[in-house]
>>> print(open('input_6.txt').read())   # compact mmCIF, C-alpha atoms and all ligand atoms
# COMPACT_ATOMS: atom_id res chain seq x y z
CA MET A 1 0.00 0.00 0.00
CA ARG A 2 2.82 2.30 0.99
CA LYS A 3 4.46 1.59 -2.32
CA LEU A 4 1.33 2.43 -4.27
CA THR A 5 1.08 5.77 -2.49
CA ASP A 6 4.70 6.49 -3.33
CA ILE A 7 4.17 5.65 -6.96
CA PHE A 8 1.07 7.86 -7.06
CA ALA A 9 3.03 10.71 -5.44
CA ALA A 10 5.83 10.28 -7.97
CA PHE A 11 3.34 10.40 -10.83
CA LEU A 12 1.71 13.48 -9.41
CA ALA A 13 5.06 15.23 -9.05
CA LEU A 14 5.89 14.32 -12.64
CA ALA A 15 2.55 15.58 -13.91
CA LEU A 16 2.94 18.86 -12.03
CA THR A 17 6.48 19.51 -13.20
CA ALA A 18 6.08 18.33 -16.83
CA PRO A 19 6.50 21.37 -19.08
CA ALA A 20 3.24 22.58 -20.60
CA THR A 21 4.95 22.67 -23.98
CA ALA A 22 5.93 19.02 -24.06
CA GLN A 23 3.44 18.08 -26.75
CA LYS A 24 4.17 20.61 -29.44
CA PHE A 25 6.56 19.75 -32.29
CA GLU A 26 9.01 22.50 -31.41
CA GLU A 27 11.19 22.27 -34.49
CA LEU A 28 8.46 23.41 -36.90
CA ALA A 29 7.73 26.94 -38.15
CA GLN A 30 11.05 28.47 -37.18
CA THR A 31 10.19 31.03 -39.84
CA PRO A 32 6.59 31.97 -40.76
CA PRO A 33 4.87 29.11 -42.64
CA MET A 34 4.39 29.65 -46.39
CA GLY A 35 1.88 27.93 -48.63
CA TRP A 36 -1.54 28.06 -50.25
CA ASN A 37 -5.03 27.59 -48.81
CA SER A 38 -8.26 27.01 -50.70
CA TRP A 39 -10.64 29.21 -48.70
CA ASN A 40 -10.12 32.80 -49.84
CA HIS A 41 -10.73 32.10 -53.51
CA TYR A 42 -12.77 28.90 -53.64
CA GLY A 43 -14.69 28.72 -50.36
CA CYS A 44 -16.47 25.35 -50.18
CA ASN A 45 -16.04 24.62 -53.86
CA ILE A 46 -13.00 22.34 -53.73
CA ASP A 47 -12.16 18.88 -55.06
CA GLU A 48 -9.11 16.75 -55.72
CA ASP A 49 -8.66 17.93 -59.33
CA LEU A 50 -8.48 21.53 -58.19
CA ILE A 51 -5.94 20.68 -55.47
CA ARG A 52 -3.79 18.75 -57.93
CA GLN A 53 -3.94 21.53 -60.52
CA THR A 54 -3.02 24.05 -57.86
CA ALA A 55 -0.11 21.89 -56.72
CA ASP A 56 1.15 21.63 -60.29
CA ALA A 57 0.78 25.38 -60.78
CA LEU A 58 2.68 26.08 -57.55
CA VAL A 59 5.56 24.02 -58.94
CA GLU A 60 5.45 25.39 -62.51
CA SER A 61 5.14 29.02 -61.45
CA GLY A 62 8.15 28.75 -59.17
CA LEU A 63 6.10 29.51 -56.07
CA ARG A 64 7.03 26.21 -54.46
CA ASP A 65 10.70 27.02 -54.95
CA ALA A 66 10.08 30.49 -53.53
CA GLY A 67 8.99 28.73 -50.33
CA TYR A 68 5.24 28.15 -50.66
CA VAL A 69 5.09 24.49 -49.67
CA TYR A 70 2.04 23.92 -47.47
CA VAL A 71 -1.05 23.16 -49.58
CA THR A 72 -4.04 23.31 -47.28
CA LEU A 73 -7.57 22.13 -47.93
CA ASP A 74 -9.77 24.43 -45.91
CA ASP A 75 -13.39 23.75 -44.97
CA CYS A 76 -15.67 21.36 -46.91
CA TRP A 77 -13.36 18.47 -47.82
CA HIS A 78 -15.27 16.34 -45.32
CA GLY A 79 -17.75 13.58 -45.85
CA THR A 80 -19.27 11.76 -42.90
CA ARG A 81 -17.81 9.61 -40.13
CA ASP A 82 -17.92 5.85 -40.65
CA GLU A 83 -19.47 3.50 -38.09
CA ASP A 84 -16.24 3.54 -36.07
CA GLY A 85 -16.18 7.31 -35.99
CA ASN A 86 -13.39 7.70 -38.54
CA ILE A 87 -13.69 10.88 -40.57
CA ARG A 88 -13.80 10.35 -44.33
CA PRO A 89 -13.48 12.79 -47.20
CA ASP A 90 -16.44 13.72 -49.40
CA PRO A 91 -16.49 10.68 -51.73
CA GLU A 92 -17.62 12.66 -54.77
CA ARG A 93 -15.14 15.48 -54.43
CA PHE A 94 -12.21 13.34 -53.27
CA PRO A 95 -12.84 9.90 -54.82
CA SER A 96 -9.15 8.91 -54.72
CA GLY A 97 -8.98 9.51 -50.99
CA MET A 98 -6.78 11.71 -48.87
CA ALA A 99 -3.73 9.44 -48.61
CA ALA A 100 -3.46 9.52 -52.42
CA LEU A 101 -3.75 13.31 -52.40
CA GLY A 102 -1.05 13.51 -49.72
CA ASP A 103 1.19 11.29 -51.87
CA TYR A 104 0.57 13.53 -54.87
CA LEU A 105 1.64 16.61 -52.90
CA HIS A 106 4.65 14.96 -51.28
CA ALA A 107 5.88 13.63 -54.63
CA ARG A 108 6.07 17.27 -55.78
CA GLY A 109 8.00 18.52 -52.78
CA LEU A 110 4.90 20.03 -51.21
CA LYS A 111 3.35 19.48 -47.80
CA PHE A 112 -0.22 18.52 -46.99
CA GLY A 113 -2.45 20.75 -44.91
CA ILE A 114 -5.97 20.06 -43.74
CA TYR A 115 -8.70 21.87 -41.79
CA SER A 116 -10.88 20.95 -38.85
CA ASP A 117 -12.68 22.63 -36.00
CA ALA A 118 -12.68 22.43 -32.20
CA GLY A 119 -16.48 22.33 -32.12
CA ALA A 120 -19.12 19.83 -33.12
CA THR A 121 -19.15 21.19 -36.67
CA THR A 122 -16.92 23.32 -38.86
CA CYS A 123 -17.96 26.83 -39.85
CA ALA A 124 -19.55 25.39 -43.00
CA GLY A 125 -21.39 22.71 -41.01
CA ARG A 126 -19.12 19.73 -41.73
CA PRO A 127 -18.14 17.33 -38.91
CA GLY A 128 -15.88 18.98 -36.33
CA SER A 129 -13.28 17.23 -34.18
CA GLN A 130 -14.74 17.82 -30.70
CA GLY A 131 -14.63 14.46 -28.92
CA TYR A 132 -12.71 12.91 -31.84
CA GLU A 133 -9.41 14.77 -31.45
CA PHE A 134 -7.12 11.76 -30.95
CA GLN A 135 -8.90 9.67 -33.56
CA ASP A 136 -8.84 12.48 -36.12
CA ALA A 137 -5.17 13.24 -35.50
CA ARG A 138 -4.37 9.56 -36.09
CA THR A 139 -6.36 9.65 -39.32
CA TYR A 140 -4.55 12.78 -40.51
CA ALA A 141 -1.19 11.22 -39.65
CA ALA A 142 -2.12 8.13 -41.67
CA TRP A 143 -2.99 10.39 -44.61
CA GLY A 144 0.41 12.11 -44.39
CA VAL A 145 -0.89 15.44 -43.13
CA ASP A 146 1.78 18.01 -42.20
CA TYR A 147 -0.35 21.02 -41.15
CA LEU A 148 -3.67 21.41 -39.38
CA LYS A 149 -5.72 24.59 -39.39
CA TYR A 150 -8.06 24.26 -36.42
CA ASP A 151 -11.11 26.54 -36.39
CA TRP A 152 -13.43 27.70 -33.62
CA CYS A 153 -17.04 27.47 -34.88
CA ALA A 154 -19.74 25.60 -32.92
CA THR A 155 -17.73 25.65 -29.71
CA GLY A 156 -20.68 26.92 -27.65
CA THR A 157 -21.63 30.33 -26.31
CA GLY A 158 -21.40 32.11 -22.97
CA GLU A 159 -20.67 29.83 -20.04
CA ASP A 160 -21.07 26.77 -22.23
CA GLN A 161 -18.27 27.75 -24.55
CA ARG A 162 -15.26 25.46 -24.68
CA ASN A 163 -12.16 26.76 -22.99
CA PRO A 164 -9.94 27.72 -25.93
CA ARG A 165 -6.64 26.93 -24.25
CA GLU A 166 -7.93 23.52 -23.27
CA ALA A 167 -9.42 22.86 -26.69
CA TYR A 168 -6.24 23.72 -28.60
CA ARG A 169 -4.08 21.90 -26.06
CA THR A 170 -6.15 18.77 -26.55
CA MET A 171 -5.61 18.84 -30.30
CA SER A 172 -1.93 19.59 -29.83
CA ARG A 173 -1.62 16.53 -27.57
CA ALA A 174 -3.57 14.46 -30.06
CA ILE A 175 -1.11 15.39 -32.82
CA ARG A 176 1.80 14.50 -30.56
CA ALA A 177 0.18 11.18 -29.70
CA ALA A 178 -0.38 10.45 -33.40
CA GLY A 179 3.37 10.87 -33.78
CA ARG A 180 3.58 12.81 -37.06
CA PRO A 181 4.95 16.37 -36.91
CA MET A 182 2.22 18.83 -37.92
CA VAL A 183 2.11 22.59 -37.79
CA LEU A 184 -0.91 23.58 -35.70
CA SER A 185 -2.63 26.74 -36.95
CA ILE A 186 -4.86 28.15 -34.22
CA CYS A 187 -7.89 29.87 -35.74
CA GLU A 188 -10.02 31.41 -32.99
CA TRP A 189 -9.95 34.84 -34.66
CA GLY A 190 -7.96 36.54 -31.91
CA GLU A 191 -10.95 36.43 -29.56
CA ASN A 192 -9.16 35.00 -26.54
CA ASP A 193 -5.78 36.75 -26.82
CA PRO A 194 -4.15 33.66 -28.40
CA TRP A 195 -0.84 35.53 -28.67
CA LEU A 196 -0.59 35.04 -24.88
CA TRP A 197 -0.98 31.24 -24.89
CA GLY A 198 -0.86 29.98 -28.51
CA ARG A 199 2.89 29.41 -28.53
CA GLU A 200 2.55 26.68 -25.88
CA VAL A 201 0.43 24.49 -28.11
CA GLY A 202 0.60 25.72 -31.71
CA HIS A 203 2.75 27.46 -34.28
CA LEU A 204 0.57 30.37 -35.47
CA TRP A 205 -2.61 32.00 -34.27
CA ARG A 206 -5.10 34.16 -36.09
CA THR A 207 -5.16 37.66 -34.64
CA THR A 208 -8.44 38.87 -36.15
CA GLY A 209 -11.67 37.77 -37.80
CA ASP A 210 -11.64 36.87 -41.48
CA ILE A 211 -9.90 38.89 -44.14
CA THR A 212 -11.72 40.01 -47.29
CA ASN A 213 -10.47 41.38 -50.58
CA CYS A 214 -10.78 45.11 -50.09
CA TRP A 215 -8.35 47.81 -49.06
CA ASP A 216 -10.11 49.58 -46.22
CA CYS A 217 -13.58 48.12 -45.71
CA ILE A 218 -15.40 46.17 -43.03
CA VAL A 219 -18.13 43.87 -44.37
CA GLY A 220 -20.94 42.75 -42.08
CA HIS A 221 -22.37 39.21 -42.38
CA GLY A 222 -25.03 39.32 -39.67
CA THR A 223 -23.38 37.77 -36.63
CA TRP A 224 -19.81 38.39 -37.83
CA PHE A 225 -17.77 40.65 -40.07
CA SER A 226 -14.74 40.45 -42.30
CA SER A 227 -12.10 43.13 -42.75
CA GLY A 228 -9.94 44.52 -45.51
CA ILE A 229 -6.18 44.97 -45.50
CA LEU A 230 -5.82 48.23 -43.54
CA PRO A 231 -8.21 47.38 -40.67
CA ILE A 232 -6.33 44.11 -40.15
CA LEU A 233 -2.92 45.75 -40.44
CA ASP A 234 -3.92 48.33 -37.84
CA ARG A 235 -4.42 45.61 -35.22
CA GLN A 236 -1.01 43.98 -35.54
CA GLU A 237 1.52 46.40 -34.09
CA ALA A 238 0.24 46.19 -30.51
CA ILE A 239 0.93 42.46 -30.38
CA ARG A 240 4.24 42.39 -32.23
CA ALA A 241 6.17 41.32 -29.13
CA HIS A 242 4.48 37.91 -29.14
CA ALA A 243 5.60 36.65 -32.55
CA GLY A 244 8.90 34.93 -33.20
CA PRO A 245 10.48 31.65 -34.25
CA GLY A 246 8.09 28.78 -33.56
CA GLY A 247 5.00 30.95 -32.93
CA TRP A 248 3.55 33.62 -35.23
CA ASN A 249 0.82 36.24 -35.22
CA ASP A 250 -1.39 35.34 -38.19
CA PRO A 251 -3.23 38.32 -39.73
CA ASP A 252 -4.98 35.79 -42.01
CA MET A 253 -4.35 34.23 -45.39
CA MET A 254 -3.42 36.59 -48.17
CA GLU A 255 -5.74 38.23 -50.67
CA VAL A 256 -2.79 38.95 -52.98
CA GLY A 257 -4.15 38.40 -56.49
CA ASN A 258 -7.72 39.03 -55.31
CA LEU A 259 -7.42 42.80 -54.76
CA PRO A 260 -8.40 45.11 -57.62
CA THR A 261 -5.12 46.98 -58.25
CA LEU A 262 -1.50 45.98 -58.57
CA GLN A 263 -0.57 48.59 -55.97
CA GLU A 264 -2.97 47.15 -53.39
CA ASN A 265 -1.68 43.65 -54.02
CA ARG A 266 1.91 44.86 -53.63
CA SER A 267 1.17 46.72 -50.42
CA HIS A 268 -0.70 43.82 -48.87
CA PHE A 269 2.19 41.49 -49.62
CA ALA A 270 4.87 43.92 -48.47
CA MET A 271 3.12 44.61 -45.19
CA TRP A 272 2.47 40.93 -44.42
CA ALA A 273 6.19 40.35 -45.02
CA MET A 274 7.06 43.27 -42.73
CA LEU A 275 4.86 41.70 -40.04
CA SER A 276 6.63 38.31 -40.27
CA ALA A 277 3.19 36.97 -41.08
CA PRO A 278 2.57 33.46 -42.38
CA LEU A 279 2.47 33.86 -46.17
CA ILE A 280 -0.47 31.76 -47.27
CA VAL A 281 -1.52 32.40 -50.87
CA GLY A 282 -5.30 32.61 -51.28
CA THR A 283 -5.72 33.12 -54.99
CA ASP A 284 -6.43 31.04 -58.12
CA VAL A 285 -2.87 29.85 -58.79
CA PRO A 286 -3.43 28.17 -62.20
CA ALA A 287 -4.97 31.42 -63.55
CA MET A 288 -2.64 33.80 -61.71
CA GLN A 289 -1.34 36.75 -63.74
CA PRO A 290 2.46 36.99 -64.14
CA GLU A 291 2.60 40.27 -62.20
CA ILE A 292 0.88 38.58 -59.23
CA ARG A 293 3.29 35.68 -59.43
CA ASP A 294 6.16 38.15 -59.44
CA ILE A 295 4.86 39.83 -56.29
CA LEU A 296 4.48 36.54 -54.42
CA ALA A 297 7.80 35.13 -55.58
CA ASN A 298 9.85 38.28 -55.01
CA PRO A 299 12.88 36.80 -53.26
CA ARG A 300 13.86 39.98 -51.46
CA ILE A 301 10.42 40.58 -49.95
CA VAL A 302 10.07 36.90 -49.04
CA ALA A 303 13.47 37.10 -47.35
CA ILE A 304 12.23 40.00 -45.21
CA ASP A 305 9.31 37.85 -44.06
CA GLN A 306 11.55 34.85 -43.49
CA ASP A 307 14.34 36.69 -41.70
CA PRO A 308 15.64 34.38 -38.97
CA LEU A 309 15.14 36.92 -36.17
CA GLY A 310 11.39 36.83 -36.84
CA ILE A 311 10.78 40.32 -35.42
CA PRO A 312 7.61 41.99 -36.76
CA ALA A 313 7.90 45.58 -37.96
CA MET A 314 7.01 48.62 -35.92
CA ARG A 315 5.29 51.75 -37.19
CA TRP A 316 8.18 54.18 -37.13
CA ILE A 317 6.90 57.43 -38.61
CA ALA A 318 3.24 58.01 -39.50
CA THR A 319 0.89 60.59 -40.94
CA PRO A 320 -2.74 59.75 -41.77
CA GLU A 321 -1.75 59.09 -45.39
CA LEU A 322 1.77 57.75 -45.20
CA GLU A 323 3.36 55.29 -42.80
CA ILE A 324 6.99 54.26 -42.56
CA TRP A 325 7.43 50.88 -40.93
CA ALA A 326 10.76 49.42 -39.79
CA LYS A 327 11.69 45.81 -39.16
CA PRO A 328 14.95 44.73 -37.54
CA LEU A 329 16.69 41.99 -39.53
CA ALA A 330 19.60 39.69 -38.80
CA ASN A 331 23.16 41.10 -39.10
CA ASP A 332 22.03 44.57 -37.95
CA GLU A 333 20.14 45.13 -41.18
CA TRP A 334 16.71 46.76 -41.38
CA ALA A 335 13.74 46.59 -43.72
CA ILE A 336 11.87 49.85 -44.26
CA ALA A 337 8.43 50.01 -45.88
CA VAL A 338 6.81 53.25 -47.00
CA LEU A 339 3.08 52.58 -47.19
CA ASN A 340 0.70 54.99 -48.88
CA ARG A 341 -2.70 54.34 -47.32
CA SER A 342 -4.36 57.06 -49.37
CA SER A 343 -5.81 57.24 -52.86
CA SER A 344 -3.46 59.98 -54.05
CA ALA A 345 0.28 59.90 -54.68
CA GLN A 346 2.36 60.96 -51.66
CA ASP A 347 5.82 62.49 -51.58
CA PHE A 348 8.13 61.61 -48.72
CA THR A 349 11.56 62.47 -47.36
CA ILE A 350 13.57 60.45 -44.88
CA ASP A 351 16.42 62.50 -43.48
CA TRP A 352 18.27 59.54 -42.00
CA SER A 353 20.92 61.44 -40.06
CA ALA A 354 18.28 63.55 -38.37
CA VAL A 355 16.33 60.63 -36.95
CA GLU A 356 17.04 57.66 -34.75
CA LEU A 357 15.60 54.26 -35.42
CA LYS A 358 15.09 52.39 -32.19
CA ASP A 359 13.17 49.25 -31.34
CA ASP A 360 13.15 49.21 -27.56
CA GLN A 361 11.20 45.95 -27.38
CA ASN A 362 14.05 44.14 -29.09
CA GLY A 363 17.02 46.27 -28.10
CA ARG A 364 17.79 47.23 -31.68
CA GLN A 365 18.96 50.61 -32.82
CA ALA A 366 20.34 52.28 -35.95
CA ARG A 367 22.33 55.47 -35.36
CA PHE A 368 22.40 56.81 -38.87
CA TYR A 369 24.46 59.83 -37.78
CA ASP A 370 27.28 57.47 -36.69
CA GLN A 371 26.89 54.65 -39.15
CA ALA A 372 25.85 54.83 -42.80
CA TYR A 373 23.79 52.03 -44.36
CA GLU A 374 23.64 51.01 -47.98
CA ILE A 375 20.09 51.02 -49.34
CA GLU A 376 18.65 48.43 -51.69
CA GLU A 377 15.19 48.92 -53.20
CA SER A 378 13.54 45.56 -52.62
CA TRP A 379 10.96 45.24 -55.39
CA GLU A 380 13.59 45.45 -58.14
CA GLY A 381 16.71 44.73 -56.11
CA GLU A 382 18.46 47.92 -57.23
CA ALA A 383 21.05 49.85 -55.25
CA SER A 384 19.55 53.10 -54.07
CA GLY A 385 22.38 55.07 -52.46
CA ASP A 386 23.02 55.18 -48.76
CA THR A 387 21.77 56.86 -45.62
CA SER A 388 24.34 59.67 -45.68
CA THR A 389 21.92 61.80 -47.70
CA PRO A 390 18.15 62.21 -47.28
CA MET A 391 15.96 59.92 -49.35
CA LEU A 392 13.24 61.60 -51.40
CA GLY A 393 10.52 59.70 -53.17
CA THR A 394 6.91 59.41 -54.25
CA VAL A 395 4.61 56.51 -53.48
CA GLU A 396 1.74 55.79 -55.84
CA PRO A 397 -1.80 55.57 -54.42
CA ARG A 398 -2.10 52.56 -52.09
CA ASP A 399 1.36 51.39 -53.04
CA THR A 400 4.30 50.42 -50.79
CA LEU A 401 8.00 50.92 -51.38
CA VAL A 402 10.35 48.59 -49.56
CA PHE A 403 14.04 49.08 -48.82
CA ARG A 404 16.71 46.96 -47.17
CA LEU A 405 19.42 48.77 -45.23
CA ARG A 406 22.82 47.16 -44.71
CA PRO A 407 25.51 48.67 -42.46
CA GLN A 408 28.43 49.86 -44.63
C1 LIG B 501 -13.69 30.59 -40.57
C2 LIG B 501 -12.19 30.83 -40.74
C3 LIG B 501 -11.88 30.98 -42.21
C4 LIG B 501 -12.32 29.74 -42.95
C5 LIG B 501 -13.79 29.47 -42.73
C6 LIG B 501 -14.23 28.12 -43.28
O1 LIG B 501 -14.42 31.72 -40.95
O2 LIG B 501 -11.79 31.96 -40.02
O3 LIG B 501 -10.50 31.21 -42.40
O4 LIG B 501 -11.55 28.64 -42.52
O5 LIG B 501 -14.10 29.47 -41.34
O6 LIG B 501 -15.58 27.86 -43.09
>>> encode(input="input_6.txt", output="structure tokens")
Amino acid sequence: MRKLTDIFAAFLALALTAPATAQKFEELAQTPPMGWNSWNHYGCNIDEDLIRQTADALVESGLRDAGYVYVTLDDCWHGTRDEDGNIRPDPERFPSGMAALGDYLHARGLKFGIYSDAGATTCAGRPGSQGYEFQDARTYAAWGVDYLKYDWCATGTGEDQRNPREAYRTMSRAIRAAGRPMVLSICEWGENDPWLWGREVGHLWRTTGDITNCWDCIVGHGTWFSSGILPILDRQEAIRAHAGPGGWNDPDMMEVGNLPTLQENRSHFAMWAMLSAPLIVGTDVPAMQPEIRDILANPRIVAIDQDPLGIPAMRWIATPELEIWAKPLANDEWAIAVLNRSSSAQDFTIDWSAVELKDDQNGRQARFYDQAYEIEESWEGEASGDTSTPMLGTVEPRDTLVFRLRPQ
């Protein structure tokens, strides 16, 4: 009896001291995840042919080689559960099955992402994973899944709502128990401050409700709303301290290619890169225009997003029309983005030696009066002088210029 008590006490001590992070696959998402997701462009209208065509187009367009490797089926791939509770894909839309689709993606150097929900149903009313977490994670592992986006619909209301930390921890443990490394994308729309706890259990967390393809609008849908690029951007700076290698603020999947003007598409991409945001393409890749491809594949802007420090940009200098954002990069370099929020061209001057660039949160500083930096314009990769003289420029309506500064 004594022995049993001792064993119990030892177990208890172990349980109490075991790190809360033990279940997460720590090695994943050391830089913000990059890939494609079906939702923004296709909504529920997905099938295996579309996913295969998109995979092929990611390879042919060079986007895979630019880093976009996670191909994620969002809502509506689901069929029903079988008599043993195993989730199955929609047999008409995915007749070859999910393991075959995973093989198709892996054979092309891509990774397989899938979507589920912490409630009884997904947002589109398909079966959710509540009560099936361990079984579903085992199924995904058997299919070769590498990434799970886990949504928050049908999780109850008021006092009956699931505890989000508990719900996401359960799925994180289920993935660990299934034994296959998967990125866990927490999608509870920023409602429960996931930047404060998401890193323990997952690799990225949505910071807002859904994005939509407009510059500065908010669209109501009855009980919820979606937001354009600027309203989402405006909510990111306050939480910049929480992002970094292994855990990222996710301002939602990109609408690059779905916005009406080239300038808006460029700005959206540049600012997501400045934020160290996950870069998840949300457009029709097989029909993508070359200029959209060139935005998404721009190696210098992608490198800003993927910088190993993983420090999101801060708003350095701002007027209502024009904002200059600054992002500390590895090797004492900086990325600078000049964003024109307005619908008219804006002139700007940066008198480098007259200003100090300081990121107190990260202990980074550029003393331009002591140390000159070479400037590279990032869209074209052209040398653009140095910081010993003021920089003058014009930004087109809703466009963004990006520069990389390297100490001389
Ligand atoms: C929620 C998510 C979206 C998308 C849809 C699918 O709205 O936030 O990103 O996954 O559900 O129904």
>>> closest_residue(input="input_6.txt", among="A:Gln408, A:Thr349, A:Asn340, A:Thr170", to="Ala372 of chain A", atoms="only C-alpha atoms")
A:Gln408
>>> closest_residue(input="input_6.txt", among="A:Arg88, A:Lys149, A:Arg266, A:Arg315", to="Asp294 of chain A", atoms="only C-alpha atoms")
A:Arg266
>>> residues_near_ligand(input="input_6.txt", ligand="ligand LIG 501 (chain B)", cutoff="10 Å", atoms="all atoms listed in the file", output="PyMOL selection string")
chain A and resi 37-40+43-44+73-76+115-117+121-126+149-153+186-189+206+208-211+224-226+252-253
>>> closest_residue(input="input_6.txt", among="A:Leu105, A:Leu322, A:Leu405, A:Val355", to="Ala335 of chain A", atoms="all atoms listed in the file")
A:Leu405
>>> axis_aligned_box(input="input_6.txt", around="segment 319-337 of chain A", padding_each_side="5 Å", output="lines of an AutoDock Vina configuration file")
center_x = 10.2
center_y = 50.1
center_z = -41.7
size_x = 35.9
size_y = 30.9
size_z = 18.3
>>> closest_residue(input="input_6.txt", among="A:Val256, A:Ala366, A:Met274, A:Leu401", to="Glu380 of chain A", atoms="all atoms listed in the file")
A:Leu401
>>> residues_around(input="input_6.txt", residues="Val145 of chain A", least_positions_apart="2", cutoff="7 Å", atoms="all atoms listed in the file", output="PDB file with C-alpha atoms, keeping the file's coordinate frame")
ATOM      1  CA  GLY A 102      -1.050  13.510 -49.720  1.00  0.00           C
ATOM      2  CA  PHE A 112      -0.220  18.520 -46.990  1.00  0.00           C
ATOM      3  CA  GLY A 113      -2.450  20.750 -44.910  1.00  0.00           C
ATOM      4  CA  ILE A 114      -5.970  20.060 -43.740  1.00  0.00           C
ATOM      5  CA  TYR A 140      -4.550  12.780 -40.510  1.00  0.00           C
ATOM      6  CA  ALA A 141      -1.190  11.220 -39.650  1.00  0.00           C
ATOM      7  CA  TRP A 143      -2.990  10.390 -44.610  1.00  0.00           C
ATOM      8  CA  TYR A 147      -0.350  21.020 -41.150  1.00  0.00           C
ATOM      9  CA  MET A 182       2.220  18.830 -37.920  1.00  0.00           C
TER      10      MET A 182
END
>>> closest_residue(input="input_6.txt", among="A:Arg341, A:Arg406, A:Asn45, A:Pro32", to="Tyr373 of chain A", atoms="only C-alpha atoms")
A:Arg406
>>> residues_near_point(input="input_6.txt", point="(0.2, 57.4, -50.3)", cutoff="8 Å", atoms="only C-alpha atoms", output="number ranges by chain")
A: 321-322, 339-347, 395-399
>>> write_last_selection(input="input_6.txt", atoms="C-alpha atoms", output="PDB file, in the frame of the given file")
ATOM      1  CA  GLU A 321      -1.750  59.090 -45.390  1.00  0.00           C
ATOM      2  CA  LEU A 322       1.770  57.750 -45.200  1.00  0.00           C
ATOM      3  CA  LEU A 339       3.080  52.580 -47.190  1.00  0.00           C
ATOM      4  CA  ASN A 340       0.700  54.990 -48.880  1.00  0.00           C
ATOM      5  CA  ARG A 341      -2.700  54.340 -47.320  1.00  0.00           C
ATOM      6  CA  SER A 342      -4.360  57.060 -49.370  1.00  0.00           C
ATOM      7  CA  SER A 343      -5.810  57.240 -52.860  1.00  0.00           C
ATOM      8  CA  SER A 344      -3.460  59.980 -54.050  1.00  0.00           C
ATOM      9  CA  ALA A 345       0.280  59.900 -54.680  1.00  0.00           C
ATOM     10  CA  GLN A 346       2.360  60.960 -51.660  1.00  0.00           C
ATOM     11  CA  ASP A 347       5.820  62.490 -51.580  1.00  0.00           C
ATOM     12  CA  VAL A 395       4.610  56.510 -53.480  1.00  0.00           C
ATOM     13  CA  GLU A 396       1.740  55.790 -55.840  1.00  0.00           C
ATOM     14  CA  PRO A 397      -1.800  55.570 -54.420  1.00  0.00           C
ATOM     15  CA  ARG A 398      -2.100  52.560 -52.090  1.00  0.00           C
ATOM     16  CA  ASP A 399       1.360  51.390 -53.040  1.00  0.00           C
TER      17      ASP A 399
END
>>> closest_residue(input="input_6.txt", among="A:Gly85, A:Pro312, A:Pro299, A:Pro33", to="Val71 of chain A", atoms="all atoms listed in the file")
A:Pro33
>>> residues_around(input="input_6.txt", residues="Ile375 of chain A", least_positions_apart="4", cutoff="8 Å", atoms="only C-alpha atoms", output="ChimeraX atom specification")
/A:383-387,403-406
>>> write_last_selection(input="input_6.txt", atoms="C-alpha atoms", output="compact mmCIF listing (two decimals), in the frame of the given file")
# COMPACT_ATOMS: atom_id res chain seq x y z
CA ALA A 383 21.05 49.85 -55.25
CA SER A 384 19.55 53.10 -54.07
CA GLY A 385 22.38 55.07 -52.46
CA ASP A 386 23.02 55.18 -48.76
CA THR A 387 21.77 56.86 -45.62
CA PHE A 403 14.04 49.08 -48.82
CA ARG A 404 16.71 46.96 -47.17
CA LEU A 405 19.42 48.77 -45.23
CA ARG A 406 22.82 47.16 -44.71
>>> residues_around(input="input_6.txt", residues="Val201 of chain A", least_positions_apart="3", cutoff="7 Å", atoms="all atoms listed in the file", output="JSON list (two decimals) with C-alpha atoms, in the coordinates of the input")
[["chain", "number", "residue", "atom", "x", "y", "z"],
["A", 21, "THR", "CA", 4.95, 22.67, -23.98],
["A", 24, "LYS", "CA", 4.17, 20.61, -29.44],
["A", 168, "TYR", "CA", -6.24, 23.72, -28.60],
["A", 169, "ARG", "CA", -4.08, 21.90, -26.06],
["A", 172, "SER", "CA", -1.93, 19.59, -29.83],
["A", 198, "GLY", "CA", -0.86, 29.98, -28.51]]
>>> atom_distance(input="input_6.txt", atom1="atom CA of Glu323 of chain A", atom2="atom CA of Ser353 of chain A")
18.8 Å
>>> atom_distance(input="input_6.txt", atom1="atom CA of Gln135 of chain A", atom2="atom CA of Ile46 of chain A")
24.2 Å
>>> residues_around(input="input_6.txt", residues="Tyr132 of chain A", least_positions_apart="4", cutoff="10 Å", atoms="only C-alpha atoms", output="list in words")
Gly85, Asn86, Ile87, Ala118, Ala120, Pro127, Gly128, Asp136, Ala137, Arg138, Met171 and Ala174 of chain A
>>> residues_around(input="input_6.txt", residues="Asp307 of chain A", least_positions_apart="4", cutoff="7 Å", atoms="all atoms listed in the file", output="NGL selection string")
:A and (303 or 329-330)
